[in-house]
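entry-v8.txt (compact mmCIF, C-alpha atoms)
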```txt
# COMPACT_ATOMS: atom_id res chain seq x y z
CA MET H 19 -2.53 26.95 -40.14
CA ILE H 20 -4.36 24.25 -42.04
CA LEU H 21 -3.44 21.65 -39.38
CA GLU H 22 -2.56 21.98 -35.70
CA VAL H 23 -1.78 18.89 -33.61
CA LYS H 24 -0.91 19.16 -29.92
CA GLY H 25 0.00 16.42 -27.47
CA LEU H 26 -1.41 13.67 -29.69
CA THR H 27 -1.17 10.26 -28.03
CA LYS H 28 -2.45 6.79 -28.92
CA SER H 29 -1.67 3.44 -27.30
CA TYR H 30 -2.74 -0.09 -28.12
CA ASN H 31 -2.73 -2.64 -25.31
CA GLY H 32 -0.44 -0.41 -23.31
CA HIS H 33 2.06 0.07 -26.13
CA PRO H 34 2.37 3.67 -27.42
CA ALA H 35 1.88 3.98 -31.18
CA VAL H 36 2.00 7.79 -31.02
CA ALA H 37 3.62 9.35 -27.98
CA GLY H 38 2.51 12.96 -27.47
CA ILE H 39 3.46 14.59 -30.77
CA ASP H 40 3.03 18.24 -31.79
CA LEU H 41 2.73 19.32 -35.44
CA GLU H 42 1.82 22.51 -37.27
CA MET H 43 1.19 22.55 -41.01
CA LYS H 44 0.90 25.78 -42.97
CA ASP H 45 -1.85 26.35 -45.51
CA GLY H 46 -0.62 25.52 -49.00
CA GLU H 47 2.40 23.38 -48.11
CA VAL H 48 3.34 19.76 -48.65
CA PHE H 49 4.29 18.37 -45.25
CA GLY H 50 6.02 14.99 -44.97
CA LEU H 51 5.94 12.42 -42.20
CA LEU H 52 9.05 10.31 -42.74
CA GLY H 53 9.86 7.19 -40.80
CA PRO H 54 10.17 3.40 -40.93
CA ASN H 55 7.22 1.04 -40.73
CA GLY H 56 5.85 1.16 -37.20
CA ALA H 57 6.97 4.73 -36.54
CA GLY H 58 3.40 5.94 -35.94
CA LYS H 59 2.78 7.67 -39.27
CA SER H 60 -0.40 5.77 -40.22
CA THR H 61 -1.82 6.05 -36.71
CA THR H 62 -1.25 9.81 -36.86
CA ILE H 63 -3.05 10.05 -40.22
CA SER H 64 -5.91 7.92 -38.86
CA MET H 65 -6.36 10.26 -35.90
CA VAL H 66 -6.17 13.42 -38.02
CA SER H 67 -8.81 11.99 -40.37
CA GLY H 68 -11.08 11.15 -37.43
CA LEU H 69 -10.98 7.39 -38.00
CA VAL H 70 -9.13 6.68 -34.75
CA LYS H 71 -9.79 8.44 -31.45
CA PRO H 72 -6.63 9.50 -29.60
CA ASN H 73 -6.06 8.82 -25.92
CA ALA H 74 -5.03 12.45 -25.46
CA GLY H 75 -4.33 15.60 -27.44
CA SER H 76 -6.08 17.99 -29.79
CA ILE H 77 -6.43 18.31 -33.56
CA ARG H 78 -7.60 21.39 -35.45
CA ILE H 79 -8.11 21.50 -39.22
CA GLY H 80 -8.56 24.94 -40.73
CA GLY H 81 -9.12 26.23 -37.19
CA ILE H 82 -11.90 23.70 -36.52
CA ASP H 83 -11.61 21.27 -33.61
CA ILE H 84 -12.29 17.88 -35.21
CA PHE H 85 -13.84 16.49 -32.02
CA GLN H 86 -16.17 19.43 -31.40
CA ASP H 87 -17.31 19.75 -35.03
CA PRO H 88 -16.35 16.54 -36.87
CA LEU H 89 -18.61 17.08 -39.90
CA ALA H 90 -17.26 20.56 -40.64
CA SER H 91 -13.66 19.42 -40.30
CA ARG H 92 -14.16 16.36 -42.53
CA ARG H 93 -15.49 18.53 -45.33
CA LEU H 94 -12.04 20.11 -45.49
CA ILE H 95 -10.06 16.88 -45.87
CA GLY H 96 -9.58 14.15 -48.45
CA VAL H 97 -8.08 10.83 -47.42
CA VAL H 98 -5.93 8.49 -49.52
CA PRO H 99 -5.42 5.38 -47.35
CA GLN H 100 -2.74 2.73 -47.73
CA ASP H 101 -5.35 0.13 -48.63
CA ILE H 102 -7.33 0.48 -51.86
CA ALA H 103 -10.78 1.89 -51.00
CA LEU H 104 -12.52 1.14 -54.30
CA TYR H 105 -15.26 -1.20 -55.54
CA PRO H 106 -13.47 -3.70 -57.80
CA THR H 107 -16.47 -4.58 -59.99
CA LEU H 108 -17.23 -0.92 -60.79
CA THR H 109 -15.41 1.11 -63.41
CA ALA H 110 -13.11 3.98 -62.51
CA ARG H 111 -15.80 6.46 -63.56
CA GLU H 112 -18.44 4.68 -61.45
CA ASN H 113 -16.16 4.60 -58.42
CA LEU H 114 -15.44 8.31 -58.63
CA ALA H 115 -19.12 9.09 -59.17
CA PHE H 116 -20.00 7.02 -56.08
CA TRP H 117 -17.55 8.90 -53.88
CA GLY H 118 -18.72 12.20 -55.36
CA HIS H 119 -22.29 11.32 -54.36
CA MET H 120 -21.05 10.61 -50.83
CA TYR H 121 -19.84 14.21 -50.71
CA GLY H 122 -23.17 15.54 -51.95
CA GLN H 123 -22.24 16.12 -55.59
CA SER H 124 -24.71 15.38 -58.37
CA GLY H 125 -25.72 16.18 -61.94
CA ALA H 126 -23.49 18.15 -64.28
CA ASP H 127 -21.16 19.25 -61.49
CA LEU H 128 -20.47 15.62 -60.57
CA ARG H 129 -19.90 14.54 -64.17
CA LYS H 130 -17.54 17.47 -64.74
CA ARG H 131 -15.57 16.71 -61.58
CA VAL H 132 -15.23 13.02 -62.48
CA ASP H 133 -13.77 14.02 -65.85
CA GLU H 134 -11.39 16.50 -64.18
CA VAL H 135 -10.13 13.94 -61.69
CA LEU H 136 -9.69 11.23 -64.34
CA GLU H 137 -7.61 13.67 -66.35
CA LEU H 138 -5.58 14.68 -63.30
CA VAL H 139 -4.63 11.09 -62.40
CA GLY H 140 -3.92 10.26 -66.05
CA LEU H 141 -6.60 7.60 -66.56
CA ALA H 142 -9.23 9.33 -68.69
CA ASP H 143 -8.63 6.78 -71.45
CA ARG H 144 -9.35 3.89 -69.03
CA ALA H 145 -12.35 5.49 -67.34
CA ASN H 146 -14.84 2.80 -68.34
CA GLN H 147 -12.70 -0.20 -67.39
CA ARG H 148 -13.47 -2.14 -64.21
CA ILE H 149 -11.10 -1.60 -61.29
CA ASP H 150 -10.38 -5.33 -60.98
CA LYS H 151 -8.79 -5.15 -64.45
CA TYR H 152 -6.42 -2.37 -63.38
CA SER H 153 -2.78 -2.78 -62.41
CA GLY H 154 -1.77 -2.01 -58.82
CA GLY H 155 -0.40 1.39 -59.83
CA MET H 156 -3.58 2.33 -61.70
CA LYS H 157 -5.71 1.36 -58.70
CA ARG H 158 -3.63 3.62 -56.48
CA ARG H 159 -4.09 6.51 -58.90
CA ILE H 160 -7.89 6.11 -58.83
CA ASN H 161 -7.64 5.73 -55.04
CA ILE H 162 -6.10 9.21 -55.00
CA GLY H 163 -8.83 10.46 -57.31
CA ALA H 164 -11.54 9.31 -54.89
CA GLY H 165 -10.03 11.52 -52.19
CA LEU H 166 -10.05 14.53 -54.52
CA MET H 167 -13.65 14.52 -55.68
CA HIS H 168 -14.87 17.20 -53.23
CA ARG H 169 -11.85 19.51 -53.77
CA PRO H 170 -10.42 19.18 -50.23
CA LYS H 171 -8.31 21.89 -48.67
CA LEU H 172 -6.11 19.26 -47.01
CA LEU H 173 -5.26 15.91 -48.61
CA LEU H 174 -3.99 13.14 -46.31
CA MET H 175 -1.87 10.61 -48.21
CA ASP H 176 -0.70 7.51 -46.34
CA GLU H 177 2.13 5.67 -48.16
CA PRO H 178 0.47 6.14 -51.59
CA THR H 179 3.31 4.56 -53.61
CA VAL H 180 3.85 1.31 -51.72
CA GLY H 181 4.25 -1.71 -53.98
CA ILE H 182 3.75 -0.07 -57.37
CA ASP H 183 5.75 0.19 -60.57
CA PRO H 184 8.16 3.12 -61.14
CA GLN H 185 6.00 4.70 -63.87
CA SER H 186 2.91 4.86 -61.63
CA ARG H 187 5.04 6.07 -58.74
CA ASN H 188 6.41 8.95 -60.80
CA HIS H 189 2.90 9.82 -61.99
CA ILE H 190 1.65 9.94 -58.39
CA LEU H 191 4.51 12.23 -57.36
CA ASP H 192 3.77 14.50 -60.32
CA THR H 193 0.08 14.51 -59.31
CA VAL H 194 0.97 15.62 -55.79
CA LYS H 195 3.07 18.47 -57.17
CA GLU H 196 0.23 19.57 -59.47
CA LEU H 197 -2.34 19.42 -56.66
CA ASN H 198 -0.12 21.57 -54.50
CA ARG H 199 0.42 24.00 -57.38
CA GLN H 200 -3.38 24.33 -57.55
CA GLY H 201 -3.50 25.20 -53.85
CA THR H 202 -4.15 21.90 -52.07
CA SER H 203 -2.24 21.32 -48.83
CA VAL H 204 -0.87 17.77 -48.60
CA LEU H 205 0.14 15.72 -45.56
CA TYR H 206 2.26 12.93 -47.03
CA THR H 207 3.57 9.90 -45.15
CA SER H 208 6.34 7.71 -46.53
CA HIS H 209 9.36 5.63 -45.59
CA TYR H 210 10.94 6.53 -48.93
CA MET H 211 13.45 9.27 -48.23
CA GLU H 212 13.74 10.36 -51.86
CA GLU H 213 9.97 11.00 -52.09
CA VAL H 214 9.78 13.45 -49.21
CA GLU H 215 12.99 15.12 -50.39
CA ALA H 216 11.40 15.71 -53.80
CA LEU H 217 7.94 16.75 -52.61
CA CYS H 218 7.91 18.31 -49.19
CA ASP H 219 8.35 21.88 -48.02
CA ARG H 220 8.86 20.66 -44.46
CA ILE H 221 9.42 17.22 -42.99
CA ALA H 222 8.83 15.63 -39.58
CA ILE H 223 11.03 12.61 -38.90
CA MET H 224 9.15 10.03 -36.79
CA ASP H 225 10.38 6.96 -34.94
CA LEU H 226 8.83 4.91 -32.14
CA GLY H 227 5.78 7.18 -32.06
CA LYS H 228 7.75 10.38 -31.53
CA VAL H 229 8.72 13.33 -33.71
CA MET H 230 12.51 13.28 -33.60
CA ALA H 231 12.96 16.48 -35.62
CA CYS H 232 10.96 18.80 -37.86
CA GLY H 233 11.91 21.42 -40.42
CA SER H 234 12.82 22.08 -44.02
CA LEU H 235 15.27 19.73 -45.73
CA ASN H 236 18.08 22.23 -45.25
CA GLU H 237 17.20 22.73 -41.58
CA LEU H 238 17.25 18.99 -40.99
CA ARG H 239 20.57 18.62 -42.75
CA LEU H 240 22.04 21.17 -40.32
CA LEU H 241 21.34 18.70 -37.51
CA VAL H 242 24.06 16.51 -38.98
CA GLY H 243 26.26 19.47 -39.90
CA ASP H 244 29.04 18.58 -42.31
CA LYS H 245 28.87 14.86 -41.59
CA ASP H 246 29.12 12.41 -44.45
CA VAL H 247 27.45 9.03 -44.85
CA ILE H 248 29.72 6.19 -45.97
CA THR H 249 27.69 3.39 -47.55
CA ILE H 250 29.53 0.09 -47.87
CA GLN H 251 28.11 -2.91 -49.68
CA ALA H 252 29.14 -5.84 -47.51
CA ASN H 253 27.67 -8.56 -45.32
CA VAL H 254 28.69 -7.54 -41.82
CA PRO H 255 27.85 -9.82 -38.88
CA GLU H 256 26.47 -8.47 -35.62
CA GLY H 257 28.91 -8.17 -32.77
CA LYS H 258 32.58 -7.28 -32.57
CA VAL H 259 33.06 -5.84 -36.07
CA LEU H 260 30.26 -3.30 -35.62
CA ASP H 261 31.50 -2.45 -32.13
CA ASP H 262 35.02 -1.90 -33.54
CA LEU H 263 33.64 0.46 -36.18
CA ARG H 264 31.70 2.47 -33.60
CA ALA H 265 34.89 2.84 -31.56
CA ILE H 266 36.79 4.56 -34.39
CA PRO H 267 37.53 8.21 -33.41
CA GLY H 268 35.37 10.52 -35.55
CA VAL H 269 32.61 7.96 -36.25
CA ASP H 270 29.22 9.18 -34.98
CA GLY H 271 26.95 6.30 -36.01
CA VAL H 272 26.93 2.85 -37.57
CA SER H 273 24.02 0.79 -38.89
CA LYS H 274 23.44 -2.06 -41.31
CA ASP H 275 20.55 -3.43 -43.37
CA ASP H 276 20.09 -5.65 -46.43
CA GLY H 277 23.79 -6.09 -47.13
CA HIS H 278 24.63 -2.40 -46.68
CA LEU H 279 26.68 -0.83 -43.90
CA ARG H 280 26.26 2.90 -43.18
CA VAL H 281 28.80 4.94 -41.23
CA VAL H 282 28.21 8.61 -40.29
CA ALA H 283 31.29 10.76 -39.72
CA PRO H 284 32.12 14.51 -39.95
CA TYR H 285 34.89 13.78 -42.41
CA GLY H 286 34.10 10.54 -44.16
CA ARG H 287 37.32 10.30 -46.14
CA LYS H 288 39.45 10.72 -43.02
CA VAL H 289 37.93 7.70 -41.26
CA LEU H 290 37.49 5.57 -44.39
CA GLY H 291 40.92 3.94 -44.07
CA ASP H 292 40.24 2.86 -40.48
CA VAL H 293 36.80 1.56 -41.46
CA VAL H 294 38.19 -0.58 -44.29
CA THR H 295 41.06 -1.83 -42.08
CA ARG H 296 38.72 -2.98 -39.32
CA LEU H 297 36.36 -4.63 -41.80
CA ALA H 298 39.29 -6.53 -43.30
CA ALA H 299 40.47 -7.55 -39.83
CA GLY H 300 37.00 -8.94 -39.19
CA GLY H 301 37.06 -10.98 -42.37
CA VAL H 302 34.41 -8.83 -44.10
CA LYS H 303 34.56 -8.70 -47.89
CA VAL H 304 33.76 -5.20 -49.21
CA ARG H 305 32.01 -5.08 -52.60
CA SER H 306 31.64 -1.30 -53.02
CA ILE H 307 32.03 1.99 -51.13
CA ASP H 308 30.19 5.28 -51.62
CA ILE H 309 30.52 8.55 -49.69
CA LYS H 310 27.65 11.06 -49.75
CA GLU H 311 27.06 14.45 -48.23
CA PRO H 312 24.33 14.69 -45.56
CA ASP H 313 20.80 13.67 -46.64
CA LEU H 314 17.72 12.54 -44.75
CA GLU H 315 19.16 9.05 -44.34
CA GLY H 316 22.11 10.60 -42.53
CA VAL H 317 19.80 12.76 -40.41
CA PHE H 318 17.71 9.75 -39.43
CA LEU H 319 20.80 7.71 -38.57
CA HIS H 320 22.15 10.63 -36.54
CA LEU H 321 18.89 10.99 -34.58
CA THR H 322 18.04 7.33 -34.02
CA GLY H 323 21.28 5.41 -34.41
CA LYS H 324 19.76 3.19 -37.11
CA ALA H 325 19.04 3.29 -40.82
CA LEU H 326 15.60 4.34 -42.05
CA ARG H 327 14.75 0.81 -43.18
CA ASP H 328 15.99 -1.01 -40.05
```

Rewritten as structure tokens:
Amino acid sequence: MILEVKGLTKSYNGHPAVAGIDLEMKDGEVFGLLGPNGAGKSTTISMVSGLVKPNAGSIRIGGIDIFQDPLASRRLIGVVPQDIALYPTLTARENLAFWGHMYGQSGADLRKRVDEVLELVGLADRANQRIDKYSGGMKRRINIGAGLMHRPKLLLMDEPTVGIDPQSRNHILDTVKELNRQGTSVLYTSHYMEEVEALCDRIAIMDLGKVMACGSLNELRLLVGDKDVITIQANVPEGKVLDDLRAIPGVDGVSKDDGHLRVVAPYGRKVLGDVVTRLAAGGVKVRSIDIKEPDLEGVFLHLTGKALRD
């Protein structure tokens, strides 16, 4: 195992951010932590990287206890934080060289690695431009590069695509796939369901500091079974209408966010008529309806009773 986490707990002012989680990550896999903001994903990454001390629990990286031998364990990991950890007045090349020096690289080996990383993140042609002239997506790509300079065995990536353009996002996802193809293990946190579906060998679904379920995408889908997710574009008020929908026989879960209503049911088409009837009775105007087979959104709704972005 490249990563073993047991009983990991962290509280702030008496409020649990991470509540006794267990995780095991195999060498060579991409492992996803999926959950909404506030689920405990970033706190988990911070503890695994050694930046935050847990209240309880153990963490082993490559078989090394990170508290007994922190220097040895940190040599095995690269960290890509949510916030940009770059010097804005330095060029991309200078930033990468700086972080390479921090890992003990120098001379020809350092120059070669800088060139390799610039090529990997797709910014070799902008290597000598200052970071403060970069777009948000380009900064995030160099931010990833900084975590790769020392060729880590395990790369920790905390929400690396937040707030960037689609082109940069796709490039980052392609970079993760290429890194994994080259043998790097990746722990990837996100609240974007489609990212972990596309990247991850196994996924842990987190909410309220707990791991609600863990497994491959297919294993997680089995938790929902043959249940469908009905997505209805409509502005539904809190209260009686939602309660009426939850009372429909065959409906297993109902949630709403940003003008979308989601209903989980074993046979979506069988309950659709009742759903539409009760919405109409409540004066709700339906703009569109879509029925999908189980995905991670449906799994999350099944486990927590709310949508991923609630």

Notebook entry, point to check: With only C-alpha atoms as the atoms that count, which of H:Leu174, H:Leu321, H:Met230, H:Ala145 lies nearest to H:Val48?
Noted result: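 Once distances to H:Val48 are computed over only C-alpha atoms, the minimum belongs to H:Leu174.
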
Using Å and a single decimal, report how far atom CA of H:Ile250 sits from atom CA of H:Val294.
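Value for the atom CA of H:Val294-atom CA of H:Ile250 distance: 9.4 Å.
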
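Atom pair atom CA of H:Asp225 / atom CA of H:Phe318: separated by 9.0 Å.
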
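Nearest to H:Val229 of all the residues H:Arg199, H:Lys59, H:Lys310, H:Lys44 is H:Lys59, counting all atoms listed in the file.
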
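Counting only C-alpha atoms, H:Ser64 has the following residues at most 10 Å away, ignoring those fewer than 5 positions along the same chain: Gly58, Lys59, Leu69, Val70, Lys71, Pro72, Val97, Pro99, Leu174 and Asp176 of chain H.
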